>>> print(open('final22.csv').read())   # CSV, C-alpha atoms
chain,number,residue,atom,x,y,z
G,388,MET,CA,24.6,79.4,-63.7
G,389,LEU,CA,23.5,77.3,-66.6
G,390,PRO,CA,25.5,77.1,-69.8
G,391,GLU,CA,24.5,79.2,-72.9
G,392,MET,CA,25.8,76.7,-75.4
G,393,LYS,CA,23.6,74.0,-76.7
G,394,SER,CA,25.3,70.8,-77.9
G,395,SER,CA,23.6,68.2,-80.1
G,396,PHE,CA,24.7,64.6,-79.6
G,397,ASP,CA,26.9,64.7,-82.7
G,398,GLU,CA,28.6,67.9,-81.6
G,399,PHE,CA,29.2,66.5,-78.2
G,400,ILE,CA,30.7,63.3,-79.5
G,401,LYS,CA,32.9,65.1,-82.0
G,402,GLY,CA,34.1,67.4,-79.2
G,403,ILE,CA,35.1,64.6,-76.8
G,404,LYS,CA,36.7,62.4,-79.4
G,405,LYS,CA,39.3,65.2,-80.1
G,406,PHE,CA,40.7,64.4,-76.6
G,407,GLY,CA,40.9,60.6,-77.0
G,408,ILE,CA,37.7,60.0,-75.1
G,409,MET,CA,35.4,57.2,-76.1
G,410,PRO,CA,31.7,57.5,-75.4
G,411,HIS,CA,30.2,54.4,-73.7
G,412,LEU,CA,26.5,54.3,-74.4
G,413,ARG,CA,24.0,52.5,-72.3
G,414,PHE,CA,20.4,52.6,-73.7
G,415,ARG,CA,18.2,51.4,-70.8
G,416,ARG,CA,15.2,53.6,-71.6
G,417,SER,CA,15.3,52.9,-75.4
G,418,GLN,CA,15.6,49.1,-74.9
G,419,SER,CA,13.1,48.6,-72.1
G,420,GLY,CA,10.6,51.4,-72.9
G,421,ASP,CA,10.5,52.0,-69.2
G,422,VAL,CA,10.3,55.8,-68.6
G,423,THR,CA,11.9,55.5,-65.2
G,424,GLU,CA,15.1,54.3,-66.9
G,425,HIS,CA,17.6,56.6,-68.7
G,426,ASP,CA,19.9,56.5,-71.7
G,427,TRP,CA,23.4,57.3,-70.6
G,428,VAL,CA,26.7,58.4,-72.1
G,429,PHE,CA,29.8,57.7,-70.0
G,430,LEU,CA,33.1,59.3,-70.9
G,431,VAL,CA,36.0,56.9,-70.9
G,432,ASN,CA,39.7,57.9,-71.5
G,433,THR,CA,41.6,56.0,-74.1
G,434,ARG,CA,45.0,57.7,-73.5
G,435,PRO,CA,47.8,55.6,-71.9
G,436,PRO,CA,48.9,55.3,-69.2
G,437,HIS,CA,45.5,55.9,-67.6
G,438,ASN,CA,43.3,54.5,-70.3
G,439,GLY,CA,40.0,53.2,-69.0
G,440,ALA,CA,39.6,56.0,-66.4
G,441,HIS,CA,36.3,57.8,-66.7
G,442,ILE,CA,34.9,61.2,-65.7
G,443,GLY,CA,31.2,61.0,-65.6
G,444,ARG,CA,27.9,60.4,-67.3
G,445,CYS,CA,25.0,62.3,-68.8
G,446,CYS,CA,21.5,61.4,-69.9
G,447,THR,CA,20.5,61.7,-73.5
G,448,CYS,CA,16.8,61.9,-72.6
G,449,CYS,CA,16.6,64.4,-69.7
G,450,ILE,CA,17.8,67.9,-69.0
G,451,GLY,CA,20.1,68.4,-66.1
G,452,ASN,CA,20.5,64.7,-65.4
G,453,GLY,CA,24.2,63.8,-65.1
G,454,SER,CA,27.2,63.7,-63.0
G,455,ILE,CA,30.8,64.9,-63.3
G,456,ASN,CA,32.8,62.6,-61.0
G,457,ASP,CA,36.6,62.7,-61.2
G,458,TYR,CA,37.5,59.0,-61.0
G,459,ASP,CA,41.1,58.1,-60.4
G,460,HIS,CA,43.6,59.2,-63.0
G,461,PHE,CA,41.3,60.8,-65.5
G,462,LYS,CA,42.4,64.4,-64.7
G,463,GLU,CA,46.1,63.4,-64.8
G,464,SER,CA,45.7,62.3,-68.4
G,465,PHE,CA,45.0,65.8,-69.7
G,466,SER,CA,46.5,69.3,-69.6
G,467,TYR,CA,44.6,71.8,-67.5
G,468,GLU,CA,43.1,73.4,-70.6
G,469,GLU,CA,42.0,70.1,-72.1
G,470,TYR,CA,40.4,69.0,-68.8
G,471,GLU,CA,38.5,72.2,-68.5
G,472,THR,CA,37.3,71.9,-72.1
G,473,ILE,CA,36.1,68.3,-71.5
G,474,VAL,CA,34.2,69.3,-68.3
G,475,ASN,CA,32.6,72.3,-70.2
G,476,LEU,CA,31.5,70.0,-73.1
G,477,LEU,CA,29.9,67.6,-70.6
G,478,PHE,CA,28.3,70.4,-68.6
G,479,ASP,CA,26.9,72.0,-71.8
G,480,TYR,CA,25.5,68.7,-73.0
G,481,ILE,CA,23.9,67.9,-69.6
G,482,TYR,CA,21.8,71.1,-69.8
G,483,THR,CA,20.9,71.0,-73.5
G,484,ASP,CA,17.2,70.7,-74.3
G,485,SER,CA,16.4,67.0,-74.4
G,486,GLN,CA,14.8,67.1,-77.9
G,487,TYR,CA,18.0,68.8,-79.3
G,488,LYS,CA,20.5,66.6,-77.5
G,489,SER,CA,18.9,63.3,-78.2
G,490,ILE,CA,20.4,60.8,-80.6
G,491,GLN,CA,18.8,61.3,-84.0
G,492,SER,CA,18.4,58.2,-86.2
>>> encode(input="final22.csv", output="structure tokens")
Amino acid sequence: MLPEMKSSFDEFIKGIKKFGIMPHLRFRRSQSGDVTEHDWVFLVNTRPPHNGAHIGRCCTCCIGNGSINDYDHFKESFSYEEYETIVNLLFDYIYTDSQYKSIQS
């Protein structure tokens, strides 16, 4: 089942920053011009004691291209409700139309 919500890049970033998550951006496609590369957003926790733990990545230039991987200690840094909200934000953003979700200059 695909999400109904559409998240622009700005909405997505504002949503995750509420939880002390820093977006780590990697612009491989934008920098190289190679269409086989992708521009990624990784979600990194900034809350002690597990700061540096990350949950996943999603592509800013494709639909449905992303992963939600629970790396060590990420989930333990948040309440159940916070964690579910973070996963939902990531899932919604992964399946947003690429033109709407891309970074606007």
>>> atom_distance(input="final22.csv", atom1="CA of Ile403 in chain G", atom2="CA of Ser419 in chain G")
27.6 Å
>>> residues_around(input="final22.csv", residues="Ile481 in chain G", least_positions_apart="2", cutoff="7 Å", atoms="all atoms listed in the file", output="list in words")
Cys445, Cys446, Ile450, Gly451, Asn452, Gly453, Leu477, Phe478, Asp479 and Thr483 of chain G
>>> residues_around(input="final22.csv", residues="range 430-434 of chain G", least_positions_apart="3", cutoff="10 Å", atoms="all atoms listed in the file", output="JSON list (two decimals) with C-alpha atoms, in the coordinates of the input")
[["chain", "number", "residue", "atom", "x", "y", "z"],
["G", 400, "ILE", "CA", 30.70, 63.30, -79.50],
["G", 403, "ILE", "CA", 35.10, 64.60, -76.80],
["G", 404, "LYS", "CA", 36.70, 62.40, -79.40],
["G", 406, "PHE", "CA", 40.70, 64.40, -76.60],
["G", 407, "GLY", "CA", 40.90, 60.60, -77.00],
["G", 408, "ILE", "CA", 37.70, 60.00, -75.10],
["G", 409, "MET", "CA", 35.40, 57.20, -76.10],
["G", 410, "PRO", "CA", 31.70, 57.50, -75.40],
["G", 411, "HIS", "CA", 30.20, 54.40, -73.70],
["G", 412, "LEU", "CA", 26.50, 54.30, -74.40],
["G", 427, "TRP", "CA", 23.40, 57.30, -70.60],
["G", 437, "HIS", "CA", 45.50, 55.90, -67.60],
["G", 438, "ASN", "CA", 43.30, 54.50, -70.30],
["G", 439, "GLY", "CA", 40.00, 53.20, -69.00],
["G", 440, "ALA", "CA", 39.60, 56.00, -66.40],
["G", 441, "HIS", "CA", 36.30, 57.80, -66.70],
["G", 442, "ILE", "CA", 34.90, 61.20, -65.70],
["G", 443, "GLY", "CA", 31.20, 61.00, -65.60],
["G", 444, "ARG", "CA", 27.90, 60.40, -67.30],
["G", 445, "CYS", "CA", 25.00, 62.30, -68.80],
["G", 455, "ILE", "CA", 30.80, 64.90, -63.30],
["G", 460, "HIS", "CA", 43.60, 59.20, -63.00],
["G", 461, "PHE", "CA", 41.30, 60.80, -65.50],
["G", 462, "LYS", "CA", 42.40, 64.40, -64.70],
["G", 464, "SER", "CA", 45.70, 62.30, -68.40],
["G", 465, "PHE", "CA", 45.00, 65.80, -69.70],
["G", 473, "ILE", "CA", 36.10, 68.30, -71.50],
["G", 477, "LEU", "CA", 29.90, 67.60, -70.60]]
>>> closest_residue(input="final22.csv", among="G:Glu471, G:Glu424, G:Asp484, G:Glu463", to="Phe396 in chain G", atoms="all atoms listed in the file")
G:Asp484
>>> closest_residue(input="final22.csv", among="G:Ser489, G:Thr472, G:Ser395, G:Ser417", to="Thr447 in chain G", atoms="only C-alpha atoms")
G:Ser489
>>> atom_distance(input="final22.csv", atom1="CA of Gln486 in chain G", atom2="CA of Phe414 in chain G")
16.1 Å
>>> residues_near_point(input="final22.csv", point="(11.5, 61.4, -66.9)", cutoff="7 Å", atoms="all atoms listed in the file", output="list of chain:residue names")
G:Val422, G:Thr423, G:Cys449
>>> write_last_selection(input="final22.csv", atoms="C-alpha atoms", output="mmCIF file, in the coordinates of the input")
data_model
loop_
_atom_site.group_PDB
_atom_site.id
_atom_site.type_symbol
_atom_site.label_atom_id
_atom_site.label_comp_id
_atom_site.auth_asym_id
_atom_site.auth_seq_id
_atom_site.Cartn_x
_atom_site.Cartn_y
_atom_site.Cartn_z
ATOM 1 C CA VAL G 422 10.300 55.800 -68.600
ATOM 2 C CA THR G 423 11.900 55.500 -65.200
ATOM 3 C CA CYS G 449 16.600 64.400 -69.700
#
>>> atom_distance(input="final22.csv", atom1="CA of Lys393 in chain G", atom2="CA of Glu469 in chain G")
19.4 Å
